[in-house]
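Peer 1: Below is the structure I would like to discuss, written out as structure tokens.
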Amino acid sequence: MKKKQTNIIFVALILTFIAIAVLFFLRKNFVSENREPSVSPADFVDSKRHALDLLGALVNRGFRVRDEVWEISLRPRKMELLQLTLFAGNQYWFAVAASAPAQRLKLALYDDEGRPVALDLWKDDHAISGARIAGGLVITCSGNYYVGVELLEEADGKTVPASLVYAYQ
Amino acid sequence: MLVLVLGVSCLYGRGGDLTSQQIKEAVYLDGISVPSPGEIFAAINKRSPPNWAMLSHGGVAPITTNRAQLALAVGLLVTNGFVSVEAQDGQQVKNIGRDMMTLSKALGVSQNILSRGNNLIEFADHSEWDSLRQELEATENEVKTTMIEQQDRNLVNLTSAGAWLRGIDVVAKIVMNNYSSEGAALLDEPFLARHLAADLEELSPKLKNDSLVIQVRETLIEIATILEKQNHRFSEEVIAEIQIKASKVIKAIETSSSTKSIP
């Protein structure tokens with residue numbers, strides 16, 4: 001009788017251990033799928049198009065758009081920064097677009113020592129599904145700068161594909 | 001308490017400032033972080049437009065099997081293309097377009113840029129200067145993308161270095177002809193020079209130890225060091241020193257007799 005009880009306890013312990021292992025495995029996969037979904041190159045197509053649309057009107061005013069696009073996987077409330085060299089006398093416009101579920105973006109510029117530089121901001125958060133923002137300025141000191149992009153609001157905490165393009169004149 | 005607050009603000013930056021950690025983690029992307037020659041030329045034109053025709057020359061596409069030299073020469077040609085566009089010299093742009101195709105074929109990266117070469121010729125024929133600027137940058141990016149696709153990422157860094165050095169050479173010549181401290185400040189790019197030199201440090205041992213690559217890397221470090229010492233103010237003598245260094249290495253890229261093949 002005592003031996004039978006010991007066997008039952010032993011089997012119960014093994015089953016409990018297996019159940020915990022299965023739960024741990026499922027939780028790990030569940031969290032990785034929902035918090036850190038992979039962003040493929042195809043996911044940037046819309047954000048790139050929307051960002052370029054923002055600068056389209058400037059081309060008619062003599063601005064030249066850089067050929068390369070910065071593709072960013074934005075996580076909520078984590079600023080991503082890109083290094084740039086900007087030249088005094090030139091006027092620059094930076095445009096960022098993020099696909100849904102992005103709802104609000106922040107765009108900022110910093111000098112070589114990390115101090116904020118004022119941008120003339122243009123926001124258009126509700127014209128497309130997702131969010132867009134643009135900022136422009138005339139540079140007074142040539143040198144190294146950092147352009148920052150941050151996702152302030154999103155629908156469900158997911159990583160969001162965003163694109164930044166810039167134009168100069 | 002005040003000391004504690006000041007200490008924290010020094011560590012983490014003033015309100016709204018970036019922290020040193022954020023600056024350290026900032027992304028550097030070759031296609032955006034390295035400015036297009038058109039950007040610095042636009043800034044120059046706003047101050048006092050130089051005689052671009054005097055600066056325009058196609059340059060010699062070196063006949064060599066040295067892949068490092070070919071990649072560096074592609075960069076020189078891209079900047080020469082921008083100079084020719086500023087000079088509105090359509091024939092020179094077409095010559096440069098053909099030279100770029102020749103070098104791309106020698107590098108084995110021409111398959112995707114044949115249409116780009118045709119576009120350059122067509123835009124030059126119709127004097128579409130803005131389209132030419134766009135196409136030159138797109139052609140450079142196309143060459144670099146093909147290099148990456150063919151596992152030749154190393155060559156991208158060399159092309160960027162070549163383009164930047166020729167840009168510095170051109171701007172320094174312009175500033176020397178009509179000196180102003182504001183014009184000289186356009187050369188305030190020590191960070192970029194250091195970054196390009198560091199990229200060459202990461203090349204494969206075969207490329208890294210090529211004599212021309214060593215010369216380019218040393219020139220970039222020398223230029224960065226000179227610029228860093230000036231505290232954002234550059235005299236005519238400093239500009240002349242930078243121009244001589246850039247010009248010397250450009251001549252080596254254009255005329256080097258090295259024919260050593262690097263697979």
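Naming scheme: A, B, ... for chains in displayed order of the structure tokens; residues 1 onward per chain; ligands 1 onward as shown.
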For Glu140 of chain B, find every residue with an atom within 9 Å (counting only C-alpha atoms), except residues of its own chain fewer than 6 positions away, and show them as a list of chain:residue names.

Peer 2: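 Answer for this query is B:Val74, B:Gly75, B:Val78, B:Thr159.
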
Peer 1: Please dump the current selection as a compact mmCIF listing (two decimals), in the first residue's frame; keep C-alpha atoms.

Peer 2:
# COMPACT_ATOMS: atom_id res chain seq x y z
CA VAL B 74 34.27 54.36 -58.63
CA GLY B 75 33.95 56.72 -55.65
CA VAL B 78 30.78 59.64 -58.56
CA THR B 159 33.89 53.45 -52.76

Peer 1: Need to verify the contact set: Val93 of chain B, 9 Å, only C-alpha atoms, exclusion of same-chain residues closer than 3 positions in sequence. Can you return it as a PyMOL selection string?

Peer 2: chain B and resi 58+80-85+88-90+96-98+120-121+124+132

Peer 1: Quick check: residues of chain B within 10 Å of chain A, only C-alpha atoms, returned as a PDB file with N, CA and C atoms, in the first residue's frame.

Peer 2:
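Full text of iface00.pdb as output:
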ATOM      1  N   GLY B  13      23.017  63.988 -18.882  1.00  0.00           N
ATOM      2  CA  GLY B  13      22.752  65.092 -19.788  1.00  0.00           C
ATOM      3  C   GLY B  13      21.675  65.991 -19.237  1.00  0.00           C
ATOM      4  N   ARG B  14      21.657  67.232 -19.784  1.00  0.00           N
ATOM      5  CA  ARG B  14      20.622  68.168 -19.340  1.00  0.00           C
ATOM      6  C   ARG B  14      19.290  67.717 -19.907  1.00  0.00           C
ATOM      7  N   GLY B  15      18.214  68.359 -19.432  1.00  0.00           N
ATOM      8  CA  GLY B  15      16.882  67.984 -19.888  1.00  0.00           C
ATOM      9  C   GLY B  15      16.791  68.005 -21.392  1.00  0.00           C
ATOM     10  N   GLY B  16      16.476  66.885 -22.016  1.00  0.00           N
ATOM     11  CA  GLY B  16      16.324  66.840 -23.467  1.00  0.00           C
ATOM     12  C   GLY B  16      17.602  66.512 -24.205  1.00  0.00           C
ATOM     13  N   ASP B  17      18.747  66.575 -23.539  1.00  0.00           N
ATOM     14  CA  ASP B  17      20.005  66.215 -24.201  1.00  0.00           C
ATOM     15  C   ASP B  17      20.113  64.698 -24.342  1.00  0.00           C
ATOM     16  N   LEU B  18      20.904  64.283 -25.341  1.00  0.00           N
ATOM     17  CA  LEU B  18      21.169  62.851 -25.480  1.00  0.00           C
ATOM     18  C   LEU B  18      22.211  62.440 -24.446  1.00  0.00           C
ATOM     19  N   THR B  19      22.135  61.216 -23.993  1.00  0.00           N
ATOM     20  CA  THR B  19      23.171  60.704 -23.092  1.00  0.00           C
ATOM     21  C   THR B  19      24.332  60.194 -23.945  1.00  0.00           C
ATOM     22  N   SER B  20      25.485  60.047 -23.316  1.00  0.00           N
ATOM     23  CA  SER B  20      26.649  59.543 -24.061  1.00  0.00           C
ATOM     24  C   SER B  20      26.382  58.133 -24.577  1.00  0.00           C
ATOM     25  N   GLN B  22      23.409  56.985 -25.575  1.00  0.00           N
ATOM     26  CA  GLN B  22      22.555  57.114 -26.765  1.00  0.00           C
ATOM     27  C   GLN B  22      23.397  57.502 -27.984  1.00  0.00           C
ATOM     28  N   ILE B  23      24.340  58.440 -27.780  1.00  0.00           N
ATOM     29  CA  ILE B  23      25.205  58.872 -28.893  1.00  0.00           C
ATOM     30  C   ILE B  23      26.043  57.697 -29.383  1.00  0.00           C
ATOM     31  N   LYS B  24      26.527  56.915 -28.434  1.00  0.00           N
ATOM     32  CA  LYS B  24      27.371  55.761 -28.780  1.00  0.00           C
ATOM     33  C   LYS B  24      26.585  54.726 -29.600  1.00  0.00           C
ATOM     34  N   GLU B  25      25.296  54.610 -29.280  1.00  0.00           N
ATOM     35  CA  GLU B  25      24.478  53.581 -29.944  1.00  0.00           C
ATOM     36  C   GLU B  25      23.809  54.070 -31.231  1.00  0.00           C
ATOM     37  N   ALA B  26      24.044  55.343 -31.603  1.00  0.00           N
ATOM     38  CA  ALA B  26      23.399  55.886 -32.814  1.00  0.00           C
ATOM     39  C   ALA B  26      23.812  55.084 -34.039  1.00  0.00           C
ATOM     40  N   VAL B  27      22.865  54.926 -34.953  1.00  0.00           N
ATOM     41  CA  VAL B  27      23.095  54.134 -36.171  1.00  0.00           C
ATOM     42  C   VAL B  27      23.929  54.948 -37.163  1.00  0.00           C
ATOM     43  N   TYR B  28      24.859  54.273 -37.834  1.00  0.00           N
ATOM     44  CA  TYR B  28      25.621  54.875 -38.936  1.00  0.00           C
ATOM     45  C   TYR B  28      25.316  54.056 -40.179  1.00  0.00           C
ATOM     46  N   LEU B  29      24.686  54.691 -41.172  1.00  0.00           N
ATOM     47  CA  LEU B  29      24.331  53.997 -42.411  1.00  0.00           C
ATOM     48  C   LEU B  29      25.098  54.621 -43.566  1.00  0.00           C
ATOM     49  N   ASP B  30      25.881  53.814 -44.255  1.00  0.00           N
ATOM     50  CA  ASP B  30      26.738  54.336 -45.329  1.00  0.00           C
ATOM     51  C   ASP B  30      25.953  55.210 -46.321  1.00  0.00           C
ATOM     52  N   GLY B  31      24.767  54.747 -46.727  1.00  0.00           N
ATOM     53  CA  GLY B  31      23.994  55.444 -47.771  1.00  0.00           C
ATOM     54  C   GLY B  31      23.380  56.755 -47.328  1.00  0.00           C
ATOM     55  N   ILE B  32      23.302  57.023 -46.024  1.00  0.00           N
ATOM     56  CA  ILE B  32      22.698  58.274 -45.538  1.00  0.00           C
ATOM     57  C   ILE B  32      23.692  59.071 -44.689  1.00  0.00           C
ATOM     58  N   SER B  33      24.430  58.384 -43.832  1.00  0.00           N
ATOM     59  CA  SER B  33      25.335  59.096 -42.919  1.00  0.00           C
ATOM     60  C   SER B  33      26.481  59.779 -43.666  1.00  0.00           C
ATOM     61  N   VAL B  34      26.895  59.189 -44.803  1.00  0.00           N
ATOM     62  CA  VAL B  34      27.886  59.854 -45.650  1.00  0.00           C
ATOM     63  C   VAL B  34      27.113  60.790 -46.583  1.00  0.00           C
ATOM     64  N   PRO B  35      27.369  62.105 -46.501  1.00  0.00           N
ATOM     65  CA  PRO B  35      26.573  63.020 -47.315  1.00  0.00           C
ATOM     66  C   PRO B  35      26.850  62.859 -48.802  1.00  0.00           C
ATOM     67  N   SER B  36      25.836  63.157 -49.590  1.00  0.00           N
ATOM     68  CA  SER B  36      26.013  63.151 -51.043  1.00  0.00           C
ATOM     69  C   SER B  36      26.888  64.351 -51.417  1.00  0.00           C
ATOM     70  N   GLY B  38      26.440  66.260 -53.688  1.00  0.00           N
ATOM     71  CA  GLY B  38      25.502  67.321 -54.050  1.00  0.00           C
ATOM     72  C   GLY B  38      25.133  68.199 -52.864  1.00  0.00           C
ATOM     73  N   GLU B  39      25.151  67.636 -51.640  1.00  0.00           N
ATOM     74  CA  GLU B  39      24.778  68.408 -50.456  1.00  0.00           C
ATOM     75  C   GLU B  39      25.798  69.493 -50.135  1.00  0.00           C
ATOM     76  N   ILE B  40      27.065  69.108 -50.154  1.00  0.00           N
ATOM     77  CA  ILE B  40      28.104  70.095 -49.818  1.00  0.00           C
ATOM     78  C   ILE B  40      28.249  71.109 -50.959  1.00  0.00           C
ATOM     79  N   PHE B  41      28.040  70.660 -52.205  1.00  0.00           N
ATOM     80  CA  PHE B  41      28.123  71.583 -53.337  1.00  0.00           C
ATOM     81  C   PHE B  41      26.965  72.592 -53.288  1.00  0.00           C
ATOM     82  N   ALA B  42      25.800  72.147 -52.820  1.00  0.00           N
ATOM     83  CA  ALA B  42      24.649  73.059 -52.682  1.00  0.00           C
ATOM     84  C   ALA B  42      24.980  74.154 -51.672  1.00  0.00           C
ATOM     85  N   ALA B  43      25.640  73.769 -50.567  1.00  0.00           N
ATOM     86  CA  ALA B  43      26.020  74.749 -49.542  1.00  0.00           C
ATOM     87  C   ALA B  43      27.049  75.735 -50.095  1.00  0.00           C
ATOM     88  N   ILE B  44      27.973  75.232 -50.910  1.00  0.00           N
ATOM     89  CA  ILE B  44      28.992  76.109 -51.516  1.00  0.00           C
ATOM     90  C   ILE B  44      28.340  77.120 -52.463  1.00  0.00           C
ATOM     91  N   ASN B  45      27.398  76.637 -53.276  1.00  0.00           N
ATOM     92  CA  ASN B  45      26.737  77.516 -54.252  1.00  0.00           C
ATOM     93  C   ASN B  45      25.992  78.663 -53.578  1.00  0.00           C
ATOM     94  N   LYS B  46      25.532  78.441 -52.333  1.00  0.00           N
ATOM     95  CA  LYS B  46      24.793  79.492 -51.626  1.00  0.00           C
ATOM     96  C   LYS B  46      25.729  80.620 -51.182  1.00  0.00           C
ATOM     97  N   ARG B  47      26.986  80.300 -50.953  1.00  0.00           N
ATOM     98  CA  ARG B  47      27.921  81.323 -50.486  1.00  0.00           C
ATOM     99  C   ARG B  47      28.457  82.133 -51.660  1.00  0.00           C
ATOM    100  N   ASP B 130      19.032  68.247 -62.450  1.00  0.00           N
ATOM    101  CA  ASP B 130      18.530  67.693 -61.181  1.00  0.00           C
ATOM    102  C   ASP B 130      18.350  66.179 -61.273  1.00  0.00           C
ATOM    103  N   SER B 131      17.828  65.735 -62.429  1.00  0.00           N
ATOM    104  CA  SER B 131      17.666  64.283 -62.630  1.00  0.00           C
ATOM    105  C   SER B 131      19.021  63.594 -62.617  1.00  0.00           C
ATOM    106  N   ARG B 133      21.710  64.540 -60.928  1.00  0.00           N
ATOM    107  CA  ARG B 133      22.192  64.427 -59.536  1.00  0.00           C
ATOM    108  C   ARG B 133      21.558  63.199 -58.871  1.00  0.00           C
ATOM    109  N   GLN B 134      20.244  63.066 -59.075  1.00  0.00           N
ATOM    110  CA  GLN B 134      19.506  61.947 -58.483  1.00  0.00           C
ATOM    111  C   GLN B 134      20.038  60.614 -59.018  1.00  0.00           C
ATOM    112  N   GLU B 135      20.278  60.590 -60.331  1.00  0.00           N
ATOM    113  CA  GLU B 135      20.711  59.348 -60.983  1.00  0.00           C
ATOM    114  C   GLU B 135      22.134  58.957 -60.579  1.00  0.00           C
ATOM    115  N   LEU B 136      22.991  59.971 -60.397  1.00  0.00           N
ATOM    116  CA  LEU B 136      24.368  59.671 -59.966  1.00  0.00           C
ATOM    117  C   LEU B 136      24.375  59.017 -58.589  1.00  0.00           C
ATOM    118  N   GLU B 137      23.566  59.574 -57.668  1.00  0.00           N
ATOM    119  CA  GLU B 137      23.501  58.998 -56.321  1.00  0.00           C
ATOM    120  C   GLU B 137      22.892  57.602 -56.370  1.00  0.00           C
ATOM    121  N   ALA B 138      21.847  57.452 -57.219  1.00  0.00           N
ATOM    122  CA  ALA B 138      21.201  56.135 -57.340  1.00  0.00           C
ATOM    123  C   ALA B 138      22.167  55.113 -57.942  1.00  0.00           C
ATOM    124  N   THR B 139      22.988  55.552 -58.905  1.00  0.00           N
ATOM    125  CA  THR B 139      23.956  54.641 -59.537  1.00  0.00           C
ATOM    126  C   THR B 139      24.979  54.177 -58.507  1.00  0.00           C
ATOM    127  N   GLU B 140      25.468  55.130 -57.692  1.00  0.00           N
ATOM    128  CA  GLU B 140      26.431  54.774 -56.641  1.00  0.00           C
ATOM    129  C   GLU B 140      25.805  53.739 -55.699  1.00  0.00           C
ATOM    130  N   ASN B 141      24.566  53.993 -55.289  1.00  0.00           N
ATOM    131  CA  ASN B 141      23.895  53.060 -54.367  1.00  0.00           C
ATOM    132  C   ASN B 141      23.665  51.695 -55.008  1.00  0.00           C
ATOM    133  N   GLU B 182      33.618  80.855 -43.017  1.00  0.00           N
ATOM    134  CA  GLU B 182      32.349  80.112 -43.140  1.00  0.00           C
ATOM    135  C   GLU B 182      32.484  79.012 -44.201  1.00  0.00           C
ATOM    136  N   GLY B 183      33.143  79.330 -45.300  1.00  0.00           N
ATOM    137  CA  GLY B 183      33.355  78.326 -46.347  1.00  0.00           C
ATOM    138  C   GLY B 183      34.236  77.188 -45.837  1.00  0.00           C
ATOM    139  N   ALA B 184      35.301  77.564 -45.093  1.00  0.00           N
ATOM    140  CA  ALA B 184      36.222  76.559 -44.565  1.00  0.00           C
ATOM    141  C   ALA B 184      35.517  75.626 -43.581  1.00  0.00           C
ATOM    142  N   ALA B 185      34.509  76.161 -42.875  1.00  0.00           N
ATOM    143  CA  ALA B 185      33.789  75.350 -41.878  1.00  0.00           C
ATOM    144  C   ALA B 185      33.022  74.189 -42.526  1.00  0.00           C
ATOM    145  N   LEU B 186      32.798  74.264 -43.838  1.00  0.00           N
ATOM    146  CA  LEU B 186      32.114  73.154 -44.524  1.00  0.00           C
ATOM    147  C   LEU B 186      32.953  71.874 -44.487  1.00  0.00           C
ATOM    148  N   LEU B 187      34.250  72.047 -44.217  1.00  0.00           N
ATOM    149  CA  LEU B 187      35.131  70.874 -44.164  1.00  0.00           C
ATOM    150  C   LEU B 187      35.195  70.255 -42.764  1.00  0.00           C
ATOM    151  N   ASP B 188      34.362  70.740 -41.868  1.00  0.00           N
ATOM    152  CA  ASP B 188      34.396  70.272 -40.475  1.00  0.00           C
ATOM    153  C   ASP B 188      33.755  68.878 -40.358  1.00  0.00           C
ATOM    154  N   GLU B 189      34.467  67.878 -40.886  1.00  0.00           N
ATOM    155  CA  GLU B 189      33.925  66.512 -40.900  1.00  0.00           C
ATOM    156  C   GLU B 189      34.909  65.493 -40.313  1.00  0.00           C
ATOM    157  N   PRO B 190      35.554  65.799 -39.178  1.00  0.00           N
ATOM    158  CA  PRO B 190      36.528  64.838 -38.635  1.00  0.00           C
ATOM    159  C   PRO B 190      35.895  63.509 -38.252  1.00  0.00           C
ATOM    160  N   PHE B 191      34.643  63.593 -37.769  1.00  0.00           N
ATOM    161  CA  PHE B 191      33.963  62.368 -37.355  1.00  0.00           C
ATOM    162  C   PHE B 191      33.835  61.402 -38.536  1.00  0.00           C
ATOM    163  N   LEU B 192      33.453  61.972 -39.687  1.00  0.00           N
ATOM    164  CA  LEU B 192      33.254  61.136 -40.872  1.00  0.00           C
ATOM    165  C   LEU B 192      34.577  60.531 -41.355  1.00  0.00           C
ATOM    166  N   HIS B 232      37.014  73.753 -34.702  1.00  0.00           N
ATOM    167  CA  HIS B 232      35.982  74.257 -35.627  1.00  0.00           C
ATOM    168  C   HIS B 232      36.375  75.542 -36.370  1.00  0.00           C
TER     169      HIS B 232
END

Peer 1: Pick from A:Thr16, A:Gln103, A:Ser47, A:Asn7: nearest to Ile72 of chain A, with only C-alpha atoms counted?

Peer 2: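 Of the candidates, the smallest distance to Ile72 of chain A is held by A:Ser47.
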
Peer 1: Within 10 Å of Ile214 of chain B, counting only C-alpha atoms, which residues show up once you throw out same-chain ones fewer than 6 positions away? Write them as an mmCIF file with N, CA and C atoms, in the first residue's frame, please.

Peer 2:
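File produced: around.cif:
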data_model
loop_
_atom_site.group_PDB
_atom_site.id
_atom_site.type_symbol
_atom_site.label_atom_id
_atom_site.label_comp_id
_atom_site.auth_asym_id
_atom_site.auth_seq_id
_atom_site.Cartn_x
_atom_site.Cartn_y
_atom_site.Cartn_z
ATOM 1 N N ALA B 197 37.874 55.751 -41.990
ATOM 2 C CA ALA B 197 39.152 55.075 -41.711
ATOM 3 C C ALA B 197 38.919 53.805 -40.889
ATOM 4 N N LEU B 200 37.757 50.951 -42.978
ATOM 5 C CA LEU B 200 38.830 50.303 -43.748
ATOM 6 C C LEU B 200 39.659 49.370 -42.853
ATOM 7 N N GLU B 201 39.617 49.658 -41.566
ATOM 8 C CA GLU B 201 40.308 48.802 -40.589
ATOM 9 C C GLU B 201 39.634 47.432 -40.500
ATOM 10 N N LEU B 207 42.699 42.829 -48.443
ATOM 11 C CA LEU B 207 42.399 44.211 -48.856
ATOM 12 C C LEU B 207 43.070 45.211 -47.915
ATOM 13 N N LYS B 208 43.000 44.920 -46.629
ATOM 14 C CA LYS B 208 43.517 45.844 -45.612
ATOM 15 C C LYS B 208 45.007 46.114 -45.784
ATOM 16 N N LEU B 220 43.081 59.424 -44.385
ATOM 17 C CA LEU B 220 41.835 59.738 -43.666
ATOM 18 C C LEU B 220 42.118 60.065 -42.199
#

Peer 1: Find the residues around Leu203 of chain B up to 10 Å (only C-alpha atoms counted), leave out those fewer than 5 positions away in its own chain, and share them as a VMD selection string.

Peer 2: chain B and resid 153 to 155 157 to 158 198 208 to 209 213

Peer 1: Could you pull the residues within 12 Å of Leu165 of chain B, counting only C-alpha atoms, minus those fewer than 2 positions along the same chain, as JSON, numbers by chain?

Peer 2: {"B": [34, 37, 72, 73, 75, 76, 77, 78, 79, 80, 158, 159, 160, 161, 162, 163, 167, 168, 169, 170, 171, 172, 187, 189, 192, 193, 196, 197, 216, 217, 219, 220, 221, 223, 224, 242, 243, 244, 245, 246, 247, 248, 249, 250, 251, 253]}

Peer 1: From the DSSP assignment of the backbone, select every residue of segment 6-154 of chain A that is helix (DSSP H, G or I), and format the answer as a ChimeraX atom specification.

Peer 2: /A:6-35,41-59

Peer 1: Go ahead and dump the residues you just picked, C-alpha atoms, as a JSON list (two decimals), in the first residue's frame.

Peer 2:
[["chain", "number", "residue", "atom", "x", "y", "z"],
["A", 6, "THR", "CA", 5.00, 6.37, -3.38],
["A", 7, "ASN", "CA", 4.53, 5.43, -7.06],
["A", 8, "ILE", "CA", 1.52, 7.76, -7.38],
["A", 9, "ILE", "CA", 3.46, 10.65, -5.82],
["A", 10, "PHE", "CA", 6.40, 9.93, -8.13],
["A", 11, "VAL", "CA", 4.18, 9.90, -11.25],
["A", 12, "ALA", "CA", 2.42, 13.10, -10.07],
["A", 13, "LEU", "CA", 5.76, 14.83, -9.62],
["A", 14, "ILE", "CA", 6.88, 13.82, -13.13],
["A", 15, "LEU", "CA", 3.57, 15.00, -14.63],
["A", 16, "THR", "CA", 3.85, 18.32, -12.75],
["A", 17, "PHE", "CA", 7.40, 18.78, -14.01],
["A", 18, "ILE", "CA", 6.31, 18.09, -17.62],
["A", 19, "ALA", "CA", 3.38, 20.49, -17.27],
["A", 20, "ILE", "CA", 5.67, 23.26, -15.97],
["A", 21, "ALA", "CA", 8.12, 22.64, -18.83],
["A", 22, "VAL", "CA", 5.30, 22.81, -21.42],
["A", 23, "LEU", "CA", 3.90, 26.01, -19.88],
["A", 24, "PHE", "CA", 7.35, 27.60, -19.81],
["A", 25, "PHE", "CA", 7.90, 26.69, -23.48],
["A", 26, "LEU", "CA", 4.49, 28.06, -24.55],
["A", 27, "ARG", "CA", 4.96, 31.28, -22.56],
["A", 28, "LYS", "CA", 8.39, 31.88, -24.06],
["A", 29, "ASN", "CA", 7.05, 31.49, -27.60],
["A", 30, "PHE", "CA", 3.91, 33.46, -26.86],
["A", 31, "VAL", "CA", 5.89, 36.42, -25.47],
["A", 32, "SER", "CA", 8.47, 36.44, -28.28],
["A", 33, "GLU", "CA", 5.72, 36.45, -30.93],
["A", 34, "ASN", "CA", 3.79, 39.28, -29.37],
["A", 35, "ARG", "CA", 6.49, 41.58, -28.05],
["A", 41, "PRO", "CA", 11.82, 44.29, -45.68],
["A", 42, "ALA", "CA", 8.36, 44.08, -47.28],
["A", 43, "ASP", "CA", 6.86, 45.68, -44.15],
["A", 44, "PHE", "CA", 8.67, 48.94, -44.95],
["A", 45, "VAL", "CA", 7.06, 49.43, -48.38],
["A", 46, "ASP", "CA", 4.10, 51.48, -47.09],
["A", 47, "SER", "CA", 6.07, 53.56, -44.60],
["A", 48, "LYS", "CA", 8.68, 54.37, -47.26],
["A", 49, "ARG", "CA", 5.96, 55.44, -49.71],
["A", 50, "HIS", "CA", 4.23, 57.65, -47.13],
["A", 51, "ALA", "CA", 7.51, 59.28, -46.08],
["A", 52, "LEU", "CA", 8.46, 60.01, -49.70],
["A", 53, "ASP", "CA", 4.94, 61.39, -50.33],
["A", 54, "LEU", "CA", 5.57, 63.97, -47.60],
["A", 55, "LEU", "CA", 8.68, 65.25, -49.39],
["A", 56, "GLY", "CA", 7.07, 65.10, -52.84],
["A", 57, "ALA", "CA", 5.80, 68.67, -52.67],
["A", 58, "LEU", "CA", 9.27, 69.94, -51.75],
["A", 59, "VAL", "CA", 10.80, 68.53, -54.93]]

Peer 1: Sorted by chain and rising residue number, list the residues of segment 91-110 of chain A at most 6 Å from segment 129-135 of chain A (counting only C-alpha atoms), each with its closest atom pair and distance in Å to one decimal, as JSON lines.

Peer 2:
{"residue": "A:Trp93", "atom": "CA", "partner": "A:Gly135", "partner_atom": "CA", "distance": 5.5}
{"residue": "A:Phe94", "atom": "CA", "partner": "A:Gly135", "partner_atom": "CA", "distance": 5.3}
{"residue": "A:Ala95", "atom": "CA", "partner": "A:Ala134", "partner_atom": "CA", "distance": 4.2}
{"residue": "A:Val96", "atom": "CA", "partner": "A:Ile133", "partner_atom": "CA", "distance": 5.4}
{"residue": "A:Ala97", "atom": "CA", "partner": "A:Arg132", "partner_atom": "CA", "distance": 4.3}
{"residue": "A:Ala98", "atom": "CA", "partner": "A:Ala131", "partner_atom": "CA", "distance": 5.3}
{"residue": "A:Ser99", "atom": "CA", "partner": "A:Gly130", "partner_atom": "CA", "distance": 4.5}
{"residue": "A:Ala100", "atom": "CA", "partner": "A:Gly130", "partner_atom": "CA", "distance": 4.0}
{"residue": "A:Pro101", "atom": "CA", "partner": "A:Gly130", "partner_atom": "CA", "distance": 5.9}
{"residue": "A:Ala102", "atom": "CA", "partner": "A:Gly130", "partner_atom": "CA", "distance": 4.9}
{"residue": "A:Gln103", "atom": "CA", "partner": "A:Ala131", "partner_atom": "CA", "distance": 5.3}
{"residue": "A:Arg104", "atom": "CA", "partner": "A:Ala131", "partner_atom": "CA", "distance": 5.7}

Peer 1: Save out the residues we just selected, C-alpha atoms, as an mmCIF file, in the first residue's frame.

Peer 2:
data_model
loop_
_atom_site.group_PDB
_atom_site.id
_atom_site.type_symbol
_atom_site.label_atom_id
_atom_site.label_comp_id
_atom_site.auth_asym_id
_atom_site.auth_seq_id
_atom_site.Cartn_x
_atom_site.Cartn_y
_atom_site.Cartn_z
ATOM 1 C CA TRP A 93 13.505 68.466 -44.286
ATOM 2 C CA PHE A 94 13.241 65.067 -42.598
ATOM 3 C CA ALA A 95 10.104 62.961 -43.066
ATOM 4 C CA VAL A 96 9.153 59.856 -41.081
ATOM 5 C CA ALA A 97 6.192 57.548 -41.617
ATOM 6 C CA ALA A 98 5.229 54.502 -39.581
ATOM 7 C CA SER A 99 2.664 51.886 -40.496
ATOM 8 C CA ALA A 100 -0.323 50.998 -38.316
ATOM 9 C CA PRO A 101 -0.635 50.373 -35.373
ATOM 10 C CA ALA A 102 1.623 53.432 -34.868
ATOM 11 C CA GLN A 103 -0.452 56.424 -33.760
ATOM 12 C CA ARG A 104 1.989 59.182 -32.770
#

Peer 1: Could you state the separation of atom CA of Ser204 of chain B and atom CA of Ala68 of chain B in Å, given to one decimal place?

Peer 2: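 Result for atom CA of Ser204 of chain B versus atom CA of Ala68 of chain B: 11.1 Å, one decimal.
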
Peer 1: May I have the residues within 8 Å of Trp52 of chain B as a ChimeraX atom specification, using only C-alpha atoms and disregarding those fewer than 2 positions away in the same chain?

Peer 2: /B:49-50,54-56,83-84,86-87

Peer 1: Mind listing the strand (DSSP E) residues of chain A, per DSSP on the backbone, as number ranges by chain?

Peer 2: A: 64-65, 70-74, 80-86, 91-99, 102-110, 116-117, 120-123, 130-138, 143-154, 160-168

Peer 1: Rounded to one decimal place, report the atom CA of Ser235 of chain B-atom CA of Ser48 of chain B distance in Å.

Peer 2: 18.2 Å

Peer 1: Atom CA of Lys106 of chain A to atom CA of Gly157 of chain A: how many Å, to one decimal?

Peer 2: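 Atom CA of Lys106 of chain A sits 16.4 Å away from atom CA of Gly157 of chain A.
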